[in-house]
Amino acid sequence: MTVQDGTTPELLDLPPLGAGHFARIADKVAALLRTRADVVVMQGEALLPLEAAIRGAAHEGATALNVVTGPYGETFSGWLRSGGSRVVDLQAEFTGAMTAERVAEALRAHPSTELVCLVHAEAATGNTNPVAEIGEVVREHGALLMVDAVASVGAEPLLTDEWGVDLCVVGGQKALAGPAGVSAVSVSERAWERIAANPRAPRGSYLSLLDWKRWLDGGRSALPHAPAQLEMLALEQAVDRVEREGLDAAQRRHRAASAAVRAAVRELAGLSPYVVRDADAAPVATTVRTAGTDAREVAAAALAADGSVPVQATAGDLAPEVLRINHYGRAAERDRVLATVRALATAVRASGRADDGAGAVQAAESAWSAAVR
Ligand SMILES: *Cc1c(COP(=O)(O)O)cnc(C)c1O
């Protein structure tokens with residue numbers, strides 16, 4: 001790369017990104033999502049299509065069931081309320097997952113529910129929800145299903161159509177190791193009808209999916225405004241790279257990273273996985289309890305040992321007790337994971353506990369091998 005010296009600005013003066021190319025990138029995202037529905041690539045970070053989907057689908061006075069298994073669900077609740085919906089927040093422990101049984105029970109208790117919002121994987125809390133099973137229950141009820149799959153796409157199976165997801169939102173910045181500046185949402189036929197029938201759905205607005213519907217209805221021949229060209233090209237490269245590797249192989253890498261880190265953490269003195277059951281653990285990130293030591297100090301000590309490891313303190317109330325390891329994208333590689341385990345072992349020693357880390361490294365190696373076999 002010669003960009004840094006400023007003499008060869010290779011990100012500039014590119015030929016324009018035309019409508020045809022833009023449409024092809026959307027089609028690649030649709031293939032990744034296993035959907036035949038329309039895919040809109042919105043020109044902003046993933047919060048843009050999330051807010052667009054929720055504000056579009058949530059009708060004033062209608063009941064929305066909002067599954068809360070981490071911080072994003074709390075954000076959705078606010079958008080639903082400000083759109084005038086009657087919101088039923090269904091909360092699960094952040095150390096576990098929501099179950100289809102609990103969703104079915106909530107739908108029986110609130111039969112007028114028209115929209116269900118759900119986060120697939122929660123990178124912030126390290127848990128993941130069974131979208132296939134919950135989707136079946138929601139479909140039976142007849143409600144629309146919106147899923148935030150930003151942290152799951154590329155890391156674990158995501159079968160948008162098969163699971164009955166009407167609005168599936170993804171971003172490039174997590175497991176796809178791509179850009180954060182553009183993101184996408186698939187929109188089912190049912191979802192379009194519901195959004196079009198919503199007088200409060202954004203229109204003539206950057207948040208408007210209906211404005212993008214005009215692009216689709218016009219045969220995708222004229223873009224509504226100048227595309228975020230660099231981010232679009234980076235998204236295409238990220239999706240192409242995953243397809244070259246094989247989506248299954250990419251998912252296996254993430255599963256192995258999660259298994260290895262969880263196995264290692266169980267061996268390290270004073271540390272334990274925050275998400276209790278392996279089945280509820282998100283392949284993208286592992287959250288770790290640091291009994292008796294401030295998690296922010298452990299994270300800082302791990303980073304002092306090796307500044308390249310994807311360890312960070314968690315945000316909000318959990319910050320003193322729980323740290324987070326983001327083993328997604330390029331960080332979901334065996335060497336990076338083992339380096340992370342070594343840095344954590346050093347941090348554990350810095351907090352005064354005797355642990356040479358050998359057991360943790362060995363546990364991580366065997367868990368990785370078992371997961372990729
Ligand atoms: C990462 C993530 C997003 C995107 O939000 P950022 O604040 O940009 O990281 C949205 N939803 C979920 C579940 C995520 O993990």
# chains A, B, ... in the order shown; residues from 1 in each chain; ligands from 1
>>> select_by_dssp(residues="range 95-336 of chain A", states="alpha helix (DSSP H)", output="ChimeraX atom specification")
/A:100-109,131-141,189-196,209-217,229-245,247-267,295-305,334-336
>>> residues_near_ligand(ligand="ligand 1", cutoff="6 Å", atoms="only C-alpha atoms and all ligand atoms", output="list in words")
Ala46, Leu47, Tyr72, Val119, Ala121, Glu122, Ala123, Asp148, Val150 and Ala151 of chain A
>>> closest_atom_pairs(of="range 143-197 of chain A", to="range 256-271 of chain A", cutoff="12 Å", atoms="only C-alpha atoms", output="CSV")
residue,atom,partner,partner_atom,distance
A:Ala155,CA,A:Ser258,CA,10.2
A:Glu156,CA,A:Ala256,CA,11.2
A:Ala175,CA,A:Ala257,CA,11.7
>>> write_last_selection(atoms="N, CA and C atoms", output="short mmCIF file (atom, residue, chain, number, x, y, z; two decimals), in the first residue's frame")
data_model
loop_
_atom_site.label_atom_id
_atom_site.label_comp_id
_atom_site.auth_asym_id
_atom_site.auth_seq_id
_atom_site.Cartn_x
_atom_site.Cartn_y
_atom_site.Cartn_z
N ALA A 155 -21.04 -15.71 10.30
CA ALA A 155 -20.48 -16.43 11.44
C ALA A 155 -21.29 -17.66 11.80
N GLU A 156 -22.58 -17.63 11.49
CA GLU A 156 -23.43 -18.78 11.81
C GLU A 156 -24.54 -18.86 10.76
N ALA A 175 -18.55 -10.36 11.09
CA ALA A 175 -17.92 -11.58 10.59
C ALA A 175 -17.47 -11.48 9.14
#
>>> closest_residue(among="A:Ile325, A:Leu90, A:Cys117, A:Ala19", to="Ala282 in chain A", atoms="only C-alpha atoms")
A:Ile325
>>> residues_around(residues="Tyr274 in chain A", least_positions_apart="6", cutoff="7 Å", atoms="only C-alpha atoms", output="list of chain:residue names")
A:Thr95, A:Thr287, A:Val288, A:Arg289
>>> write_last_selection(atoms="N, CA, C and O atoms", output="PDB file, in the first residue's frame")
ATOM      1  N   THR A  95     -27.315 -13.806  29.826  1.00  0.00           N
ATOM      2  CA  THR A  95     -26.393 -14.947  29.920  1.00  0.00           C
ATOM      3  C   THR A  95     -26.937 -16.178  29.189  1.00  0.00           C
ATOM      4  O   THR A  95     -26.321 -17.240  29.235  1.00  0.00           O
ATOM      5  N   THR A 287     -18.078 -13.315  25.832  1.00  0.00           N
ATOM      6  CA  THR A 287     -18.056 -12.433  26.989  1.00  0.00           C
ATOM      7  C   THR A 287     -17.588 -13.254  28.180  1.00  0.00           C
ATOM      8  O   THR A 287     -17.927 -14.436  28.312  1.00  0.00           O
ATOM      9  N   VAL A 288     -16.789 -12.628  29.050  1.00  0.00           N
ATOM     10  CA  VAL A 288     -16.073 -13.364  30.094  1.00  0.00           C
ATOM     11  C   VAL A 288     -16.225 -12.663  31.436  1.00  0.00           C
ATOM     12  O   VAL A 288     -15.968 -11.457  31.555  1.00  0.00           O
ATOM     13  N   ARG A 289     -16.639 -13.402  32.433  1.00  0.00           N
ATOM     14  CA  ARG A 289     -16.688 -12.867  33.804  1.00  0.00           C
ATOM     15  C   ARG A 289     -15.298 -12.902  34.413  1.00  0.00           C
ATOM     16  O   ARG A 289     -14.542 -13.852  34.194  1.00  0.00           O
TER      17      ARG A 289
END
>>> residues_around(residues="Glu136 in chain A", least_positions_apart="5", cutoff="9 Å", atoms="only C-alpha atoms", output="PDB file with C-alpha atoms, in the first residue's frame")
ATOM      1  CA  ALA A 100     -39.481 -20.368  20.967  1.00  0.00           C
ATOM      2  CA  VAL A 131     -34.143 -17.730  14.943  1.00  0.00           C
ATOM      3  CA  HIS A 141     -49.106 -16.539  14.460  1.00  0.00           C
ATOM      4  CA  TRP A 163     -36.806 -19.232   8.618  1.00  0.00           C
ATOM      5  CA  GLY A 164     -39.555 -16.831   7.576  1.00  0.00           C
TER       6      GLY A 164
END
>>> residues_around(residues="range 30-42 of chain A", least_positions_apart="4", cutoff="7 Å", atoms="only C-alpha atoms", output="mmCIF file with N, CA, C and O atoms, in the first residue's frame")
data_model
loop_
_atom_site.group_PDB
_atom_site.id
_atom_site.type_symbol
_atom_site.label_atom_id
_atom_site.label_comp_id
_atom_site.auth_asym_id
_atom_site.auth_seq_id
_atom_site.Cartn_x
_atom_site.Cartn_y
_atom_site.Cartn_z
ATOM 1 N N ALA A 26 -25.971 -5.873 -4.491
ATOM 2 C CA ALA A 26 -27.171 -6.238 -3.706
ATOM 3 C C ALA A 26 -27.508 -7.710 -3.921
ATOM 4 O O ALA A 26 -27.903 -8.416 -2.975
ATOM 5 N N PRO A 49 -30.551 0.745 8.458
ATOM 6 C CA PRO A 49 -31.628 -0.172 8.059
ATOM 7 C C PRO A 49 -32.409 -0.734 9.248
ATOM 8 O O PRO A 49 -33.601 -1.053 9.094
ATOM 9 N N LEU A 158 -27.659 -18.523 8.544
ATOM 10 C CA LEU A 158 -28.676 -17.476 8.465
ATOM 11 C C LEU A 158 -29.502 -17.765 7.207
ATOM 12 O O LEU A 158 -29.060 -17.488 6.101
ATOM 13 N N LEU A 159 -30.668 -18.377 7.403
ATOM 14 C CA LEU A 159 -31.491 -18.817 6.280
ATOM 15 C C LEU A 159 -32.770 -17.969 6.259
ATOM 16 O O LEU A 159 -33.833 -18.371 6.743
ATOM 17 N N THR A 160 -32.618 -16.784 5.699
ATOM 18 C CA THR A 160 -33.666 -15.754 5.772
ATOM 19 C C THR A 160 -35.039 -16.282 5.335
ATOM 20 O O THR A 160 -36.015 -16.163 6.085
ATOM 21 N N ASP A 161 -35.128 -16.843 4.141
ATOM 22 C CA ASP A 161 -36.440 -17.270 3.623
ATOM 23 C C ASP A 161 -36.937 -18.517 4.331
ATOM 24 O O ASP A 161 -38.102 -18.593 4.732
ATOM 25 N N VAL A 182 -21.843 0.848 4.859
ATOM 26 C CA VAL A 182 -23.072 0.507 4.144
ATOM 27 C C VAL A 182 -23.594 -0.791 4.747
ATOM 28 O O VAL A 182 -22.832 -1.568 5.321
ATOM 29 N N SER A 183 -24.892 -1.021 4.623
ATOM 30 C CA SER A 183 -25.480 -2.212 5.230
ATOM 31 C C SER A 183 -26.753 -2.545 4.468
ATOM 32 O O SER A 183 -27.175 -1.780 3.610
ATOM 33 N N ALA A 184 -27.370 -3.685 4.779
ATOM 34 C CA ALA A 184 -28.448 -4.135 3.907
ATOM 35 C C ALA A 184 -29.618 -4.690 4.696
ATOM 36 O O ALA A 184 -29.477 -5.106 5.847
ATOM 37 N N VAL A 185 -30.771 -4.682 4.034
ATOM 38 C CA VAL A 185 -31.964 -5.285 4.629
ATOM 39 C C VAL A 185 -32.739 -6.000 3.520
ATOM 40 O O VAL A 185 -32.899 -5.466 2.432
ATOM 41 N N SER A 186 -33.161 -7.230 3.799
ATOM 42 C CA SER A 186 -34.040 -7.925 2.866
ATOM 43 C C SER A 186 -35.477 -7.611 3.272
ATOM 44 O O SER A 186 -35.782 -7.482 4.462
ATOM 45 N N VAL A 187 -36.324 -7.456 2.270
ATOM 46 C CA VAL A 187 -37.711 -7.060 2.538
ATOM 47 C C VAL A 187 -38.651 -8.013 1.809
ATOM 48 O O VAL A 187 -38.657 -8.068 0.577
ATOM 49 N N SER A 188 -39.436 -8.787 2.562
ATOM 50 C CA SER A 188 -40.359 -9.738 1.952
ATOM 51 C C SER A 188 -41.554 -8.992 1.353
ATOM 52 O O SER A 188 -41.798 -7.822 1.664
ATOM 53 N N TRP A 212 -36.552 3.589 -1.511
ATOM 54 C CA TRP A 212 -35.743 2.580 -2.215
ATOM 55 C C TRP A 212 -36.616 1.643 -3.037
ATOM 56 O O TRP A 212 -36.163 1.044 -4.008
#
>>> residues_around(residues="Val165 in chain A", least_positions_apart="5", cutoff="8 Å", atoms="only C-alpha atoms", output="list of chain:residue names")
A:Gly135, A:Leu144, A:Leu145, A:Met146, A:Val147, A:Thr160, A:Ser188
>>> closest_residue(among="A:Leu247, A:Ala124, A:Ala279, A:Val138", to="Gln312 in chain A", atoms="only C-alpha atoms")
A:Ala124
>>> atom_distance(atom1="CA of Ala149 in chain A", atom2="CA of Glu193 in chain A")
22.1 Å
>>> closest_residue(among="A:Ala64, A:Leu233, A:Val169, A:Leu50", to="Ala106 in chain A", atoms="only C-alpha atoms")
A:Ala64
>>> select_by_dssp(residues="range 114-270 of chain A", states="strand (DSSP E or B)", output="ChimeraX atom specification")
/A:114-119,121-122,127-128,144-148,167-171,183-187
>>> closest_residue(among="A:Gly56, A:Gly154, A:Gly359, A:Gly44", to="Ser208 in chain A", atoms="only C-alpha atoms")
A:Gly56
